[in-house]
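Worksheet: the structure to be examined is printed underneath.
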Amino acid sequence: MGLVVDLFVPIEEFDQGTARLARLAEQTLGWAVGTIGVTRVLRQSLDARKGRPLGFRVRCEVGRRPEELEREGDHKRLPLVWPSGRSTPRVVVVGSGPAGSWAALRLAEAGVPVTIVERGKPVQPRRADLARLTRGELDPDSNYCFGEGGAGTYSDGKLYTRSKDRQAVGDILADLVRFGAPANIAVDARPHVGSNRLPKVLTALRAHLAGLGVTYRFESEVSGVRIERGGVRAVKLRGGDEIAADVVVLAVGHSARAVYDWAHRQGLALERKAFAVGVRIEHPQSLINEIQYGRAAGHPALPPAYYDLTSRGGNRGVYSFCMCPGGWIVPAATESDGVVVNGMSLSKRDSPYANSGFVVAVDTGDVGPAAVGPLGGVVFQRAIEQQAFRMGGGGFRAPAQRLADFLDRRPSTTVGPSSYRPGLEPASLDAVFPEFVVAALREGLRAVGQHMRRFLLPDALLVAAETRTSSPVRLLRDAVTLQSPGAAGLYPGGEGAGYAGGIVSAALDGVRIAERICAGS
């Protein structure tokens, strides 16, 4: 077995390859020059902390001979195996996002037949619907939130997760590489695929699943589940058809409001969940590079800079969310009378703009009294989105305000250029959000400016409304069996059910559900 060594590589030396890493490792270990014959990168991250040398932290495994290093497959996960002697159930997975796709992947590789039901379209025809949306034409069934791969497909493909289970995360990343994602996502501390590459990955994943017998039913909206004698028996489709099922994995996204509606009507266990709302804040990427990198900004080895900000607005958390270096603000609406914005980047992150959500925490008590019910958060989100639509003037144009005007409580009469293609309408965002949200946003931004002064660029744009940070609803499930109370065989999972917050964490939840199904209740 080789040795694992942590190295610091100055920015000027990073592009010199593994030969330079070997020499640095020899210096660190006190070995003679030329002793290391093979080097493998396990992890790398940019260290741009203020007051420290700029460079990359690299964890390597090194050895004198190739056979000393662990082979790539040495820690390969053990595949799920369906227990012999048990009949395989009819599994229907609702939603083709990460949670649904990885539940189907693990089950299909274990020999369990699966049908995936997806409200939206496959990735390629979905692309055309997104293009129409930038011109103000919404398909409520095919957009940035609905379609193959879920909301992450065309809204960036960031793979960063706070999960501490590095082996499980590594398994998900290895799957993505297997289906065509770049190999460096397995070692980067902040892996990113990009919205231009993810569709090809999903197409390859679908071909693999189809080869295992998985059936896809696109453009099929689920309108309910049939439950008899305390267990699921079928999935109901809009239009009246049913798909018989012994097991249903409900892996919908955070915008699946129609699912929340029928789940509530059917008496499934739901509760309110905290979430956040706010704006997309947009700066020139060159400014963010200068703030984060200082004099080194523009160095060819440096990626477009990102930031991760946390602040306070009174007693509320205020924070950046889904930061997109070199990215675009995109229209993420799913309803014809509401404006929703999100961010995305392509793999090269070569847009001249940087954008991020800048959002305020919303607690379950902020969305009305208990009598409003478990869908109070949806009502709260929708009111903001509809007001943003009215102020944008239609066509999914978004209300926007210059940062200096927002801080001074002054409506903007003009706004500068932006990456948001449907267009912007100068406005006062005080008229879009509840007072507690705008008050917290102002206080949070001023607090950020105290230690990041140039961030408060007067002409930076605030674009409304960022409301779909996460699901405002949780579909309850048993902590052990992962099944919905009173509905045996129904497994809520992923972002839409309130158990994940991103591509990787949703995929991990899908894997957990598949493992539980194979283990039996």
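Every chain in the structure tokens has a letter given in the order shown (A, B, ...), and although residue numbers restart at 1 in each chain, ligands are simply numbered from 1 in the order shown.
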
| said: Neighbouring residues of segment 400-417 of chain A were defined as those with any atom within 10 Å, considering only C-alpha atoms; residues of the same chain fewer than 6 positions away were excluded. Please report them as a ChimeraX atom specification. | reply: /A:279-282,353,388,391-392,423-431,438-439,441-443,445-446,455-465

| field | All strand (DSSP E or B) positions in segment 119-340 of chain A, as a VMD selection string | value | chain A and resid 139 142 158 188 192 215 to 217 222 to 228 231 to 237 242 to 244 247 to 250 270 to 272 275 to 284 310 to 313 316 to 324 328 to 331

Residues from the last selection, C-alpha atoms, saved as a compact mmCIF listing (two decimals), in the first residue's frame:
```txt
# COMPACT_ATOMS: atom_id res chain seq x y z
CA ASP A 139 -44.67 24.82 -20.65
CA SER A 142 -41.38 20.93 -19.13
CA LYS A 158 -23.03 21.46 -8.73
CA ASP A 188 -12.30 18.13 -6.69
CA HIS A 192 -19.18 20.65 -10.89
CA THR A 215 -39.30 1.40 -18.32
CA TYR A 216 -39.59 5.19 -18.66
CA ARG A 217 -42.95 6.91 -18.98
CA VAL A 222 -49.08 11.32 -11.27
CA SER A 223 -52.40 12.40 -9.76
CA GLY A 224 -52.43 10.13 -6.71
CA VAL A 225 -51.75 6.68 -5.34
CA ARG A 226 -54.27 3.93 -4.73
CA ILE A 227 -53.99 2.63 -1.16
CA GLU A 228 -55.88 -0.43 -0.01
CA GLY A 231 -50.58 -0.45 1.48
CA VAL A 232 -50.03 1.03 -1.97
CA ARG A 233 -51.51 -0.86 -4.89
CA ALA A 234 -51.15 1.50 -7.84
CA VAL A 235 -50.07 4.89 -9.08
CA LYS A 236 -52.82 7.01 -10.64
CA LEU A 237 -52.06 9.13 -13.71
CA GLU A 242 -53.15 3.45 -13.41
CA ILE A 243 -49.87 1.60 -13.04
CA ALA A 244 -50.05 -1.36 -10.67
CA VAL A 247 -43.73 -0.27 -4.03
CA VAL A 248 -43.83 3.44 -4.93
CA VAL A 249 -40.82 5.70 -4.51
CA LEU A 250 -42.11 9.26 -4.39
CA LEU A 270 -47.25 15.97 5.76
CA GLU A 271 -45.84 18.85 7.76
CA ARG A 272 -44.47 22.31 7.14
CA PHE A 275 -37.09 27.13 3.80
CA ALA A 276 -35.73 30.45 2.54
CA VAL A 277 -36.66 33.18 0.07
CA GLY A 278 -34.85 36.16 -1.37
CA VAL A 279 -33.16 37.36 -4.52
CA ARG A 280 -30.48 36.52 -7.02
CA ILE A 281 -27.62 38.98 -6.63
CA GLU A 282 -25.49 39.53 -9.74
CA HIS A 283 -22.00 41.05 -10.02
CA PRO A 284 -19.35 41.15 -12.72
CA THR A 310 -23.52 33.75 5.98
CA SER A 311 -24.91 36.70 7.87
CA ARG A 312 -27.73 37.74 10.14
CA GLY A 313 -30.75 39.96 9.70
CA ARG A 316 -32.77 35.43 11.10
CA GLY A 317 -30.16 33.66 9.08
CA VAL A 318 -29.28 35.38 5.80
CA TYR A 319 -26.97 33.56 3.43
CA SER A 320 -25.79 33.00 -0.11
CA PHE A 321 -27.26 30.00 -1.86
CA CYS A 322 -26.29 28.07 -5.00
CA MET A 323 -23.54 30.49 -6.03
CA CYS A 324 -22.83 30.31 -9.78
CA TRP A 328 -26.53 33.02 -15.71
CA ILE A 329 -29.74 33.85 -13.91
CA VAL A 330 -32.50 31.71 -15.41
CA PRO A 331 -36.33 31.68 -15.27
```

| Between atom CA of Arg453 of chain A and atom CA of Ile291 of chain A, what is the distance, to one decimal in Å? |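 Those two atoms sit 9.0 Å apart.
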
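The space separating atom CA of Ala332 of chain A from atom CA of Tyr144 of chain A comes to 5.3 Å.
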
| message | Could you check the closest approach to Arg512 of chain A for each of A:Leu80, A:Pro125, A:Glu26, A:Leu133 and tell me which residue wins, using only C-alpha atoms? | response | A:Leu80

Selection near Pro472 of chain A, 10 Å with only C-alpha atoms, sequence-local residues under 4 positions removed, as a short mmCIF file (atom, residue, chain, number, x, y, z; two decimals) with C-alpha atoms, in the first residue's frame:
```
data_model
loop_
_atom_site.label_atom_id
_atom_site.label_comp_id
_atom_site.auth_asym_id
_atom_site.auth_seq_id
_atom_site.Cartn_x
_atom_site.Cartn_y
_atom_site.Cartn_z
CA HIS A 254 -39.03 20.82 -4.49
CA SER A 255 -41.54 22.39 -6.91
CA ARG A 257 -46.91 21.45 -5.75
CA GLU A 271 -45.84 18.85 7.76
CA ARG A 272 -44.47 22.31 7.14
CA LYS A 273 -40.72 22.65 6.73
CA ALA A 274 -38.47 25.69 7.05
CA PHE A 275 -37.09 27.13 3.80
CA ALA A 276 -35.73 30.45 2.54
CA VAL A 362 -38.36 31.45 6.72
CA ASP A 363 -39.61 29.44 9.68
CA THR A 364 -42.78 27.36 9.75
CA VAL A 367 -46.35 31.33 6.85
CA PRO A 374 -49.11 21.91 6.07
CA LEU A 375 -49.13 23.70 2.70
CA GLY A 376 -48.79 27.17 4.21
CA GLY A 377 -45.26 27.50 2.84
CA VAL A 378 -46.50 26.90 -0.71
CA VAL A 379 -49.10 29.66 -0.25
CA PHE A 380 -46.34 31.96 1.05
CA GLN A 381 -44.03 31.21 -1.91
CA THR A 467 -38.28 31.20 -3.70
CA ARG A 468 -37.50 27.56 -4.52
CA GLY A 496 -39.32 17.28 -2.77
CA ALA A 497 -40.07 15.11 0.25
CA GLY A 498 -37.83 17.28 2.41
#
```

| field | Two-atom distance - atom CA of Ala447 of chain A, atom CA of Tyr307 of chain A (Å) | value |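 Pair atom CA of Ala447 of chain A / atom CA of Tyr307 of chain A returns 15.0 Å.
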
| request: Going by DSSP on the backbone, which bits of segment 293-383 of chain A are alpha helix (DSSP H)? Write them as JSON, numbers by chain, please. | output: {"A": [293, 376, 377, 378, 379, 380, 381, 382, 383]}

| request: Compile the contact shell of Gly194 of chain A as an MDAnalysis selection string: residues with an atom at most 7 Å away, counting only C-alpha atoms, same-chain residues fewer than 4 positions apart removed. | output: chainID A and resid 156:157 198 345:347

| query | Which residue, A:Gly30, A:Gly100, A:Gly501, A:Gly395, has the smallest gap to Glu137 of chain A when you use only C-alpha atoms? | reply |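 Closest residue, counting only C-alpha atoms: A:Gly395.
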
| task | Do a neighbour search on Arg135 of chain A at 9 Å with only C-alpha atoms, toss out local chain neighbours closer than 2 positions, and write the hits as a list in words. | result | Leu130, Ala131, Arg132, Leu133, Glu137, Leu138, Gly395, Phe396, Arg421 and Pro422 of chain A

Now that the selection is made, can you save its residues with N, CA and C atoms as a compact mmCIF listing (two decimals), in the first residue's frame?
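Saved the output as result11.txt:
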```txt
# COMPACT_ATOMS: atom_id res chain seq x y z
N LEU A 130 -36.99 25.08 -22.71
CA LEU A 130 -36.26 26.10 -21.94
C LEU A 130 -35.97 27.31 -22.82
N ALA A 131 -35.62 27.07 -24.06
CA ALA A 131 -35.36 28.18 -24.97
C ALA A 131 -36.62 29.04 -25.14
N ARG A 132 -37.78 28.39 -25.24
CA ARG A 132 -39.03 29.15 -25.36
C ARG A 132 -39.33 29.92 -24.08
N LEU A 133 -38.96 29.35 -22.94
CA LEU A 133 -39.21 30.04 -21.67
C LEU A 133 -38.42 31.34 -21.59
N GLU A 137 -42.44 32.05 -22.91
CA GLU A 137 -43.46 31.02 -23.14
C GLU A 137 -43.17 29.83 -22.24
N LEU A 138 -44.07 29.58 -21.28
CA LEU A 138 -43.87 28.51 -20.30
C LEU A 138 -44.66 27.27 -20.67
N GLY A 395 -44.56 38.05 -19.37
CA GLY A 395 -43.50 37.44 -20.16
C GLY A 395 -42.34 36.93 -19.33
N PHE A 396 -42.57 36.75 -18.03
CA PHE A 396 -41.55 36.28 -17.08
C PHE A 396 -40.36 37.23 -16.97
N ARG A 421 -32.28 36.49 -19.37
CA ARG A 421 -32.69 36.74 -20.75
C ARG A 421 -34.14 37.16 -20.96
N PRO A 422 -35.11 36.71 -20.16
CA PRO A 422 -36.44 37.28 -20.40
C PRO A 422 -36.49 38.78 -20.21
```

| Hey, which of A:Pro83, A:Gly149, A:Gly17, A:Pro369 ends up closest to Pro122 of chain A? Count only C-alpha atoms. |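 For Pro122 of chain A, the nearest of the given residues is A:Gly149.
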